[in-house]
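Novice: Dropping in my_file-v7.cif, with mmCIF, C-alpha atoms (C1' of nucleotides).
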```
data_coords
#
loop_
_atom_site.label_atom_id
_atom_site.label_comp_id
_atom_site.auth_asym_id
_atom_site.auth_seq_id
_atom_site.Cartn_x
_atom_site.Cartn_y
_atom_site.Cartn_z
CA MET B 1 -62.48 98.31 -37.76
CA THR B 2 -59.00 96.86 -38.27
CA PRO B 3 -59.07 93.07 -38.20
CA ARG B 4 -57.81 91.57 -34.99
CA THR B 5 -56.06 88.36 -34.23
CA SER B 6 -58.14 87.84 -31.10
CA PRO B 7 -61.37 89.64 -30.14
CA GLY B 8 -60.85 92.80 -28.08
CA PRO B 9 -62.56 93.69 -24.80
CA ARG B 10 -65.56 95.25 -26.54
CA GLU B 11 -66.26 92.04 -28.47
CA ARG B 12 -65.70 89.90 -25.42
CA LEU B 13 -68.09 92.01 -23.35
CA LEU B 14 -70.79 91.73 -25.98
CA ALA B 15 -70.34 87.97 -26.14
CA ALA B 16 -70.38 87.60 -22.37
CA GLY B 17 -73.43 89.83 -22.12
CA GLN B 18 -75.26 87.91 -24.79
CA GLN B 19 -74.67 84.68 -22.94
CA LEU B 20 -75.17 85.78 -19.34
CA PHE B 21 -78.11 88.12 -19.87
CA TYR B 22 -79.89 85.28 -21.60
CA SER B 23 -79.08 82.51 -19.15
CA GLN B 24 -79.32 84.54 -15.94
CA GLY B 25 -81.42 87.53 -16.84
CA ALA B 26 -80.59 91.21 -16.99
CA SER B 27 -79.88 91.24 -13.28
CA VAL B 28 -76.48 89.57 -13.58
CA GLY B 29 -73.90 91.62 -11.76
CA VAL B 30 -71.21 93.65 -13.44
CA ASP B 31 -68.62 91.52 -11.66
CA ALA B 32 -69.89 88.35 -13.32
CA LEU B 33 -69.85 90.03 -16.73
CA LEU B 34 -66.28 91.20 -16.27
CA LYS B 35 -65.11 87.82 -15.08
CA GLU B 36 -66.81 85.97 -17.95
CA ALA B 37 -65.41 88.41 -20.51
CA ASN B 38 -61.98 88.57 -18.89
CA VAL B 39 -62.05 92.30 -19.13
CA ALA B 40 -61.06 95.13 -16.83
CA ARG B 41 -63.75 97.07 -15.05
CA ARG B 42 -62.71 100.27 -16.68
CA SER B 43 -63.11 98.91 -20.21
CA LEU B 44 -66.81 98.32 -19.72
CA TYR B 45 -67.48 101.91 -18.73
CA GLU B 46 -65.30 103.37 -21.47
CA HIS B 47 -66.94 101.31 -24.22
CA PHE B 48 -70.56 101.36 -23.13
CA GLY B 49 -70.93 104.22 -20.64
CA ASP B 50 -72.70 102.10 -18.07
CA LYS B 51 -74.38 98.74 -17.60
CA ASP B 52 -77.54 99.85 -19.36
CA GLY B 53 -75.44 100.82 -22.36
CA LEU B 54 -74.04 97.31 -22.51
CA ILE B 55 -77.52 95.86 -22.20
CA ALA B 56 -78.77 97.94 -25.12
CA ALA B 57 -75.74 97.08 -27.24
CA VAL B 58 -76.14 93.38 -26.53
CA LEU B 59 -79.81 93.53 -27.49
CA ARG B 60 -79.01 95.30 -30.74
CA ARG B 61 -76.50 92.67 -31.68
CA ALA B 62 -78.75 89.81 -30.59
CA ALA B 63 -81.56 91.24 -32.70
CA GLU B 64 -79.33 91.16 -35.78
CA GLU B 65 -78.37 87.58 -35.12
CA ASP B 66 -81.89 86.46 -34.35
CA LEU B 67 -83.30 88.07 -37.48
CA ALA B 68 -80.60 86.31 -39.44
CA TRP B 69 -81.72 83.11 -37.75
CA TYR B 70 -85.28 83.70 -38.94
CA GLU B 71 -84.08 84.40 -42.47
CA ASP B 72 -82.08 81.21 -42.38
CA ALA B 73 -85.06 79.24 -41.10
CA LEU B 74 -87.16 80.58 -43.97
CA ALA B 75 -84.46 79.74 -46.46
CA GLY B 76 -85.05 76.03 -45.93
CA ALA B 77 -87.50 76.09 -48.82
CA THR B 78 -88.24 78.22 -51.85
CA GLU B 79 -91.98 77.99 -52.19
CA PRO B 80 -93.51 80.82 -50.07
CA ARG B 81 -95.84 78.57 -48.15
CA ALA B 82 -93.19 75.99 -47.36
CA ARG B 83 -90.85 78.73 -46.19
CA LEU B 84 -93.23 79.88 -43.48
CA LEU B 85 -94.21 76.40 -42.40
CA GLY B 86 -90.56 75.39 -42.22
CA LEU B 87 -90.01 78.22 -39.79
CA PHE B 88 -92.18 76.44 -37.25
CA ASP B 89 -90.22 73.24 -37.70
CA ARG B 90 -87.09 75.17 -36.83
CA LEU B 91 -88.82 76.74 -33.85
CA ASP B 92 -89.78 73.31 -32.63
CA GLU B 93 -86.13 72.30 -32.71
CA LEU B 94 -85.05 75.54 -31.07
CA VAL B 95 -87.28 75.22 -28.03
CA ALA B 96 -86.13 71.63 -27.54
CA THR B 97 -82.57 72.86 -26.97
CA PRO B 98 -81.67 71.98 -23.37
CA ASP B 99 -80.77 75.52 -22.33
CA PHE B 100 -83.61 77.25 -24.12
CA ARG B 101 -85.13 79.84 -21.82
CA GLY B 102 -87.69 81.64 -23.91
CA CYS B 103 -87.79 84.87 -25.82
CA ARG B 104 -84.90 87.13 -24.86
CA TYR B 105 -86.85 90.27 -25.74
CA PHE B 106 -89.92 89.56 -23.70
CA ALA B 107 -87.73 88.59 -20.77
CA THR B 108 -85.93 91.90 -21.07
CA ASP B 109 -89.16 93.86 -21.18
CA LEU B 110 -90.31 92.17 -18.01
CA SER B 111 -87.02 92.93 -16.27
CA PHE B 112 -87.38 96.69 -16.61
CA ALA B 113 -90.61 98.05 -15.19
CA ASN B 114 -89.57 101.58 -16.09
CA PRO B 115 -90.94 102.12 -19.62
CA GLY B 116 -88.24 104.68 -20.33
CA HIS B 117 -85.41 102.19 -20.04
CA PRO B 118 -83.32 102.08 -23.26
CA ALA B 119 -83.78 98.32 -23.50
CA HIS B 120 -87.43 98.73 -24.46
CA ALA B 121 -86.52 100.64 -27.60
CA GLU B 122 -84.36 97.71 -28.70
CA THR B 123 -86.99 95.07 -28.06
CA ASP B 124 -89.57 97.16 -29.87
CA ALA B 125 -87.28 97.47 -32.85
CA PHE B 126 -86.77 93.73 -32.94
CA ARG B 127 -90.46 92.99 -32.88
CA ARG B 128 -91.14 95.48 -35.64
CA SER B 129 -88.48 93.86 -37.79
CA LEU B 130 -89.92 90.43 -37.15
CA ARG B 131 -93.39 91.59 -38.09
CA ALA B 132 -92.05 93.21 -41.26
CA LEU B 133 -90.36 89.97 -42.16
CA LEU B 134 -93.60 88.04 -41.72
CA VAL B 135 -95.58 90.57 -43.75
CA ARG B 136 -93.01 90.36 -46.54
CA GLU B 137 -93.36 86.59 -46.69
CA LEU B 138 -97.15 86.75 -46.61
CA LYS B 139 -97.20 89.22 -49.46
CA ALA B 140 -94.91 86.97 -51.45
CA LEU B 141 -97.44 84.26 -50.80
CA GLY B 142 -100.18 86.53 -52.15
CA HIS B 143 -102.09 86.48 -48.88
CA ALA B 144 -105.29 88.52 -48.92
CA ARG B 145 -104.72 90.06 -45.47
CA PRO B 146 -101.01 90.01 -44.76
CA GLU B 147 -101.06 92.34 -41.74
CA ARG B 148 -103.69 90.34 -39.96
CA ALA B 149 -102.04 87.04 -40.83
CA ALA B 150 -98.72 88.40 -39.55
CA GLU B 151 -100.38 89.16 -36.24
CA GLN B 152 -101.58 85.58 -36.03
CA LEU B 153 -98.24 84.11 -37.00
CA HIS B 154 -96.49 86.35 -34.50
CA LEU B 155 -98.91 85.18 -31.84
CA LEU B 156 -98.15 81.58 -32.74
CA ILE B 157 -94.42 82.20 -32.56
CA GLU B 158 -94.57 83.84 -29.14
CA GLY B 159 -96.86 81.11 -27.86
CA THR B 160 -94.46 78.46 -29.08
CA LEU B 161 -91.56 80.13 -27.30
CA VAL B 162 -93.42 80.44 -24.01
CA VAL B 163 -94.81 76.91 -24.00
CA GLY B 164 -91.44 75.58 -25.12
CA ALA B 165 -89.66 77.41 -22.33
CA THR B 166 -92.00 76.28 -19.58
CA GLN B 167 -92.90 72.73 -20.52
CA ASP B 168 -90.54 69.91 -21.34
CA GLY B 169 -91.30 67.04 -23.65
CA HIS B 170 -93.89 68.95 -25.61
CA HIS B 171 -93.70 69.92 -29.26
CA PRO B 172 -95.34 73.34 -29.38
CA GLY B 173 -93.72 74.00 -32.76
CA ARG B 174 -95.73 71.20 -34.32
CA ALA B 175 -98.96 72.38 -32.75
CA ALA B 176 -98.24 75.91 -33.95
CA ARG B 177 -97.34 74.68 -37.44
CA ASP B 178 -100.75 73.13 -37.91
CA LEU B 179 -102.42 76.39 -36.94
CA ALA B 180 -100.02 78.35 -39.13
CA ALA B 181 -101.16 76.24 -42.07
CA VAL B 182 -104.68 77.45 -41.40
CA VAL B 183 -103.51 81.06 -41.25
CA LEU B 184 -101.80 80.71 -44.62
CA GLY B 185 -105.03 79.35 -46.07
CA MET K 1 -109.82 81.69 10.58
CA THR K 2 -111.73 83.97 12.93
CA PRO K 3 -113.41 86.80 11.06
CA ARG K 4 -111.66 90.12 11.34
CA THR K 5 -112.89 93.64 11.19
CA SER K 6 -109.87 94.70 9.14
CA PRO K 7 -107.35 92.49 7.36
CA GLY K 8 -104.31 91.53 9.44
CA PRO K 9 -100.68 91.90 8.45
CA ARG K 10 -100.58 88.55 6.70
CA GLU K 11 -103.47 89.51 4.43
CA ARG K 12 -102.02 92.93 3.77
CA LEU K 13 -98.64 91.46 2.85
CA LEU K 14 -100.24 89.08 0.38
CA ALA K 15 -102.21 91.89 -1.20
CA ALA K 16 -99.18 94.16 -1.42
CA GLY K 17 -97.08 91.34 -2.85
CA GLN K 18 -99.69 90.47 -5.42
CA GLN K 19 -99.78 94.06 -6.62
CA LEU K 20 -96.09 94.96 -6.45
CA PHE K 21 -94.64 91.68 -7.72
CA TYR K 22 -96.90 92.01 -10.72
CA SER K 23 -96.29 95.66 -11.50
CA GLN K 24 -92.60 95.82 -10.63
CA GLY K 25 -91.41 92.25 -10.86
CA ALA K 26 -90.12 89.88 -8.20
CA SER K 27 -87.18 92.17 -7.56
CA VAL K 28 -89.15 94.73 -5.56
CA GLY K 29 -87.43 95.37 -2.29
CA VAL K 30 -88.67 94.22 1.07
CA ASP K 31 -88.87 97.84 2.17
CA ALA K 32 -91.32 98.70 -0.60
CA LEU K 33 -93.47 95.71 0.31
CA LEU K 34 -93.56 96.65 3.97
CA LYS K 35 -94.43 100.24 3.19
CA GLU K 36 -97.20 99.26 0.77
CA ALA K 37 -98.64 96.76 3.23
CA ASN K 38 -98.18 99.02 6.25
CA VAL K 39 -96.65 96.18 8.16
CA ALA K 40 -93.70 95.82 10.48
CA ARG K 41 -90.57 94.18 9.15
CA ARG K 42 -90.75 91.46 11.73
CA SER K 43 -94.24 90.38 10.69
CA LEU K 44 -93.07 89.44 7.23
CA TYR K 45 -90.41 87.10 8.53
CA GLU K 46 -92.66 85.54 11.16
CA HIS K 47 -95.47 84.81 8.70
CA PHE K 48 -93.48 83.78 5.65
CA GLY K 49 -89.97 82.89 6.81
CA ASP K 50 -88.28 85.00 4.22
CA LYS K 51 -88.95 86.94 1.03
CA ASP K 52 -89.05 83.77 -1.07
CA GLY K 53 -91.73 82.41 1.23
CA LEU K 54 -93.85 85.46 0.57
CA ILE K 55 -93.28 85.12 -3.15
CA ALA K 56 -94.45 81.52 -3.12
CA ALA K 57 -97.48 82.35 -0.99
CA VAL K 58 -98.44 85.22 -3.27
CA LEU K 59 -98.17 82.97 -6.32
CA ARG K 60 -100.33 80.32 -4.71
CA ARG K 61 -103.04 82.84 -3.95
CA ALA K 62 -102.76 84.46 -7.38
CA ALA K 63 -103.13 81.05 -9.00
CA GLU K 64 -106.40 80.47 -7.16
CA GLU K 65 -107.74 83.83 -8.22
CA ASP K 66 -106.59 83.47 -11.80
CA LEU K 67 -108.13 80.03 -12.15
CA ALA K 68 -111.34 81.47 -10.78
CA TRP K 69 -111.05 84.18 -13.42
CA TYR K 70 -110.78 81.53 -16.13
CA GLU K 71 -113.80 79.69 -14.75
CA ASP K 72 -115.72 82.94 -14.73
CA ALA K 73 -114.69 83.70 -18.30
CA LEU K 74 -115.93 80.28 -19.39
CA ALA K 75 -119.18 80.78 -17.52
CA GLY K 76 -120.24 83.47 -20.00
CA ALA K 77 -121.97 80.78 -22.04
CA THR K 78 -123.40 77.31 -21.53
CA GLU K 79 -122.73 75.63 -24.84
CA PRO K 80 -119.23 74.03 -24.65
CA ARG K 81 -117.95 75.62 -27.82
CA ALA K 82 -119.18 79.08 -26.94
CA ARG K 83 -117.61 78.78 -23.50
CA LEU K 84 -114.11 78.31 -24.91
CA LEU K 85 -114.51 80.96 -27.59
CA GLY K 86 -115.82 83.41 -25.02
CA LEU K 87 -112.64 82.91 -23.06
CA PHE K 88 -110.67 84.57 -25.84
CA ASP K 89 -113.05 87.51 -25.87
CA ARG K 90 -112.31 87.98 -22.20
CA LEU K 91 -108.59 87.64 -22.83
CA ASP K 92 -108.82 90.34 -25.46
CA GLU K 93 -110.37 92.66 -22.90
CA LEU K 94 -107.83 91.67 -20.27
CA VAL K 95 -104.77 92.52 -22.33
CA ALA K 96 -106.29 95.87 -23.25
CA THR K 97 -106.26 96.88 -19.59
CA PRO K 98 -103.85 99.81 -19.27
CA ASP K 99 -101.66 98.23 -16.63
CA PHE K 100 -101.58 94.75 -18.13
CA ARG K 101 -98.03 93.46 -18.05
CA GLY K 102 -98.27 89.88 -19.30
CA CYS K 103 -98.43 86.50 -17.66
CA ARG K 104 -97.41 86.69 -14.03
CA TYR K 105 -96.19 83.08 -14.00
CA PHE K 106 -93.92 83.29 -16.99
CA ALA K 107 -92.49 86.55 -15.66
CA THR K 108 -91.76 84.81 -12.38
CA ASP K 109 -90.06 81.89 -14.09
CA LEU K 110 -87.81 84.27 -15.96
CA SER K 111 -86.92 86.12 -12.77
CA PHE K 112 -85.42 83.09 -11.09
CA ALA K 113 -82.69 81.40 -13.09
CA ASN K 114 -82.17 78.86 -10.35
CA PRO K 115 -84.52 75.97 -11.23
CA GLY K 116 -84.72 74.96 -7.58
CA HIS K 117 -86.39 78.17 -6.48
CA PRO K 118 -89.74 77.48 -4.79
CA ALA K 119 -91.51 79.87 -7.16
CA HIS K 120 -91.13 77.42 -10.03
CA ALA K 121 -93.18 74.79 -8.26
CA GLU K 122 -96.04 77.27 -7.97
CA THR K 123 -95.94 78.35 -11.60
CA ASP K 124 -95.82 74.71 -12.68
CA ALA K 125 -98.85 73.94 -10.57
CA PHE K 126 -100.76 76.81 -12.10
CA ARG K 127 -100.01 75.72 -15.63
CA ARG K 128 -101.05 72.17 -14.89
CA SER K 129 -104.35 73.39 -13.48
CA LEU K 130 -104.93 75.56 -16.51
CA ARG K 131 -104.25 72.65 -18.83
CA ALA K 132 -106.57 70.42 -16.85
CA LEU K 133 -109.27 73.05 -17.13
CA LEU K 134 -108.86 73.20 -20.90
CA VAL K 135 -108.90 69.42 -21.23
CA ARG K 136 -112.06 69.26 -19.16
CA GLU K 137 -113.82 71.73 -21.45
CA LEU K 138 -112.61 69.96 -24.59
CA LYS K 139 -113.90 66.64 -23.33
CA ALA K 140 -117.24 68.25 -22.55
CA LEU K 141 -117.21 69.39 -26.14
CA GLY K 142 -116.56 65.85 -27.25
CA HIS K 143 -113.29 66.74 -28.93
CA ALA K 144 -111.48 63.82 -30.56
CA ARG K 145 -108.03 64.75 -29.27
CA PRO K 146 -108.50 66.84 -26.13
CA GLU K 147 -104.87 66.74 -24.98
CA ARG K 148 -103.53 67.94 -28.25
CA ALA K 149 -106.21 70.60 -28.60
CA ALA K 150 -105.44 71.79 -25.07
CA GLU K 151 -101.81 72.25 -26.08
CA GLN K 152 -102.91 74.39 -28.98
CA LEU K 153 -105.33 76.45 -26.92
CA HIS K 154 -102.69 76.93 -24.27
CA LEU K 155 -100.27 78.11 -26.92
CA LEU K 156 -102.87 80.57 -28.20
CA ILE K 157 -103.49 81.88 -24.70
CA GLU K 158 -99.80 82.45 -23.96
CA GLY K 159 -99.30 84.06 -27.34
CA THR K 160 -102.20 86.40 -26.72
CA LEU K 161 -100.76 87.45 -23.37
CA VAL K 162 -97.30 88.14 -24.79
CA VAL K 163 -98.49 90.05 -27.83
CA GLY K 164 -100.97 91.93 -25.68
CA ALA K 165 -98.30 92.89 -23.19
CA THR K 166 -95.81 94.11 -25.78
CA GLN K 167 -97.96 95.78 -28.43
CA ASP K 168 -100.59 98.42 -27.92
CA GLY K 169 -103.63 98.93 -30.09
CA HIS K 170 -103.70 95.34 -31.28
CA HIS K 171 -106.40 92.80 -30.60
CA PRO K 172 -104.52 89.54 -30.17
CA GLY K 173 -107.51 88.01 -28.45
CA ARG K 174 -109.56 88.28 -31.63
CA ALA K 175 -106.78 86.82 -33.74
CA ALA K 176 -106.43 83.97 -31.28
CA ARG K 177 -110.16 83.40 -31.14
CA ASP K 178 -110.31 82.74 -34.87
CA LEU K 179 -107.58 80.16 -34.55
CA ALA K 180 -109.22 78.67 -31.49
CA ALA K 181 -112.35 78.13 -33.56
CA VAL K 182 -110.25 76.00 -35.90
CA VAL K 183 -108.84 74.02 -33.00
CA LEU K 184 -112.32 73.28 -31.75
CA GLY K 185 -113.26 72.06 -35.20
"C1'" DT W 1 -37.75 104.12 -30.65
"C1'" DG W 2 -40.68 106.63 -28.14
"C1'" DG W 3 -44.98 108.19 -26.66
"C1'" DA W 4 -49.85 108.24 -26.73
"C1'" DA W 5 -53.83 105.22 -26.58
"C1'" DA W 6 -55.93 101.31 -24.76
"C1'" DG W 7 -55.98 97.71 -21.60
"C1'" DT W 8 -55.45 95.41 -16.81
"C1'" DA W 9 -55.82 94.98 -11.78
"C1'" DG W 10 -57.90 96.18 -7.95
"C1'" DA W 11 -58.91 99.46 -4.09
"C1'" DA W 12 -62.53 102.38 -2.67
"C1'" DC W 13 -67.32 104.52 -2.37
"C1'" DA W 14 -72.03 105.31 -1.60
"C1'" DG W 15 -76.38 103.25 -1.93
"C1'" DT W 16 -79.30 99.27 -1.56
"C1'" DT W 17 -80.36 94.58 -0.49
"C1'" DG W 18 -82.42 90.81 2.66
"C1'" DG W 19 -82.36 89.63 7.29
"C1'" DT W 20 -81.75 89.96 12.58
"C1'" DC W 21 -82.48 92.10 16.92
"C1'" DT W 22 -84.21 95.06 20.72
"C1'" DA W 23 -87.74 97.80 22.88
"C1'" DC W 24 -92.27 99.18 23.09
"C1'" DT W 25 -97.42 98.74 22.27
"C1'" DT W 26 -101.83 96.49 21.30
"C1'" DC W 27 -104.90 92.97 21.23
"C1'" DT W 28 -107.18 89.07 23.17
"C1'" DG W 29 -109.06 85.32 25.78
"C1'" DA W 30 -109.10 82.34 30.05
"C1'" DT A 1 -107.72 91.42 35.11
"C1'" DC A 2 -103.70 90.25 33.52
"C1'" DA A 3 -100.42 87.44 31.10
"C1'" DG A 4 -98.91 86.10 26.76
"C1'" DA A 5 -99.24 86.32 22.02
"C1'" DA A 6 -99.01 89.31 18.04
"C1'" DG A 7 -97.89 93.59 16.04
"C1'" DT A 8 -95.15 98.04 15.44
"C1'" DA A 9 -91.08 100.91 14.90
"C1'" DG A 10 -86.73 101.30 13.75
"C1'" DA A 11 -81.74 100.64 14.60
"C1'" DC A 12 -78.34 97.62 12.89
"C1'" DC A 13 -75.56 94.25 10.04
"C1'" DA A 14 -73.12 91.97 6.41
"C1'" DA A 15 -73.24 91.32 1.70
"C1'" DC A 16 -73.74 93.06 -2.65
"C1'" DT A 17 -74.87 96.74 -6.23
"C1'" DG A 18 -73.05 99.90 -10.04
"C1'" DT A 19 -69.55 103.25 -10.45
"C1'" DT A 20 -65.20 105.97 -9.99
"C1'" DC A 21 -60.54 106.24 -9.35
"C1'" DT A 22 -55.41 105.39 -9.17
"C1'" DA A 23 -51.39 102.89 -10.65
"C1'" DC A 24 -49.30 99.89 -13.70
"C1'" DT A 25 -48.71 97.33 -18.29
"C1'" DT A 26 -49.38 96.34 -23.06
"C1'" DT A 27 -50.15 97.54 -27.75
"C1'" DC A 28 -49.48 100.03 -31.75
"C1'" DC A 29 -48.05 103.29 -35.01
"C1'" DA A 30 -45.45 107.47 -36.74
#
```
Let me see the structure of the file written as structure tokens.

Specialist:
Amino acid sequence: MTPRTSPGPRERLLAAGQQLFYSQGASVGVDALLKEANVARRSLYEHFGDKDGLIAAVLRRAAEEDLAWYEDALAGATEPRARLLGLFDRLDELVATPDFRGCRYFATDLSFANPGHPAHAETDAFRRSLRALLVRELKALGHARPERAAEQLHLLIEGTLVVGATQDGHHPGRAARDLAAVVLG
Amino acid sequence: MTPRTSPGPRERLLAAGQQLFYSQGASVGVDALLKEANVARRSLYEHFGDKDGLIAAVLRRAAEEDLAWYEDALAGATEPRARLLGLFDRLDELVATPDFRGCRYFATDLSFANPGHPAHAETDAFRRSLRALLVRELKALGHARPERAAEQLHLLIEGTLVVGATQDGHHPGRAARDLAAVVLG
DNA sequence: TGGAAAGTAGAACAGTTGGTCTACTTCTGA
DNA sequence: TCAGAAGTAGACCAACTGTTCTACTTTCCA
């Protein structure tokens, strides 16, 4: 609440988690998290209860940031159609980033076979928000079947992320953009 | 080589690995694998060297079976265009399977952050084979730009698997099929 | 200025991990 | 038939896991 001169242990843990969970997966050890965050062991358990609590908190924060990223990508243009097509240009850039490793949320889902794990609730929430965002844009565009088109755009996004994460030198964003243009009509 | 009345420990380990690595992820313990396969600890290490060796062997076998599945899905029709479209119908059925958990190869890639892990070579090989299969079909169809179209079909396939694994009650295969029809021209 | 709250440092714990080793049994083929 | 290969069963090990705990230090505010 009160502004700080330097980020406290809670902030540092979230930042470290965001970085390490993405680059190494949810199986990174607590020791590595603590070292990266420069935080005492005890602080983690007082702020987040346990490791799963940190995982959920990191996902919640990442979801906020990622949704903001999508909004920003859409904001590159004003005309509804150009907004959505521009998103795929930004995706194409994103997956070309050297340390891009794919969709954080799908990776998390795969990490936890137990469907009751709290992480799944967070990834679900993110995907719902993303869908809602796509539907909103499609309605602004006056699309005849926004829900169905959102499904197709979502499919194109996920496909772009997977292909981008597994193959170098490709431009899945461009390929997806062309198909997105068809979806938009 | 010699025919057996009942499958030996090597076979049983591969079968157990194929099932457990898929349903639980690559992090399943050796103990669980041994119990599922009804095999002595020692047999695993004599046949496969270590756990990573088993993982690689399981992936190689799974890749064979999965490619055969794709061939079978294509074989539902004779006309080139219908063959590829039929593939997406089969994918739609596949992802509706109750215990479908997404693409085994992408899940494996995400499990091993270390790019030198032998599993990555296997997943790469699978994806190359899948691409080659798509290019072959597109050439049979007389497509003007088979490589590019294969990229788009591949993207649609991966997207279908991700959306199918994360959302219930949807039919991503149908959505992808419509877009595939556009790709085929 | 003093005292509670929050943070650090690190020992310790129980459970699990992948892997090795020994002893015994079963299968198999010259 | 019998020797050697292959398989089983399970103890054992070191390393690592998430977590709890104690002791000390810093920060902050009334």

Novice: Using all atoms listed in the file, what table do you get, as a Markdown table, when you list each residue of chain B with an atom no more than 6 Å from chain K, its nearest pair of atoms, and their distance in Å rounded to one decimal, rows by chain then rising number?

Specialist:
```
| residue | atom | partner | partner_atom | distance |
| --- | --- | --- | --- | --- |
| B:Gln24 | CA | K:Ala113 | CA | 5.4 |
| B:Ala113 | CA | K:Gln24 | CA | 5.5 |
| B:Gln152 | CA | K:Ala175 | CA | 5.8 |
| B:Leu155 | CA | K:Gly159 | CA | 4.7 |
| B:Glu158 | CA | K:Gly159 | CA | 5.1 |
| B:Gly159 | CA | K:Gly159 | CA | 3.9 |
| B:Ala175 | CA | K:Gln152 | CA | 5.8 |
```

Novice: For the atom pair atom CA of Glu46 of chain K and atom CA of Glu65 of chain K, what is the interatomic distance in Å to one decimal place?

Specialist: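 Straight-line distance from atom CA of Glu46 of chain K to atom CA of Glu65 of chain K works out to 24.6 Å.
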
Novice: Counting all atoms listed in the file, a student should be able to say which residues of chain W come within 9 Å of chain B; what is the right answer, written as a list in words?

Specialist: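 Every residue meeting the condition is included here: DA6, DG7, DT8 and DA9 of chain W.
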
Novice: Let me know the residues the PyMOL selection byres ((chain B) within 9 of (chain A)) catches in the file above, as number ranges by chain.

Specialist: B: 29-30, 45, 50-51

Novice: What is the atom CA of Glu36 of chain B-atom CA of Ala16 of chain B distance in Å, reported with one decimal?

Specialist: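 Between atom CA of Glu36 of chain B and atom CA of Ala16 of chain B the gap works out to 5.9 Å.
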
Novice: Separation of atom CA of Ala119 of chain B and atom CA of Ala96 of chain K, in Å?

Specialist: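 Result for atom CA of Ala119 of chain B versus atom CA of Ala96 of chain K: 22.6 Å, one decimal.
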
Novice: Just want the 12 Å neighbourhood of Ala77 of chain B, counted on only C-alpha atoms (C1' of nucleotides), with same-chain residues fewer than 6 positions away dropped. Output as a list in words.

Specialist: Glu71, Arg83, Leu84, Leu85, Gly86, Leu87 and Asp89 of chain B

Novice: Using all atoms listed in the file, pick whichever of B:Glu122, B:Arg90, B:Ala181, B:Glu79 has the shortest atom-to-atom distance to Leu141 of chain B.

Specialist: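 Distance minimum relative to Leu141 of chain B lands on B:Glu79.
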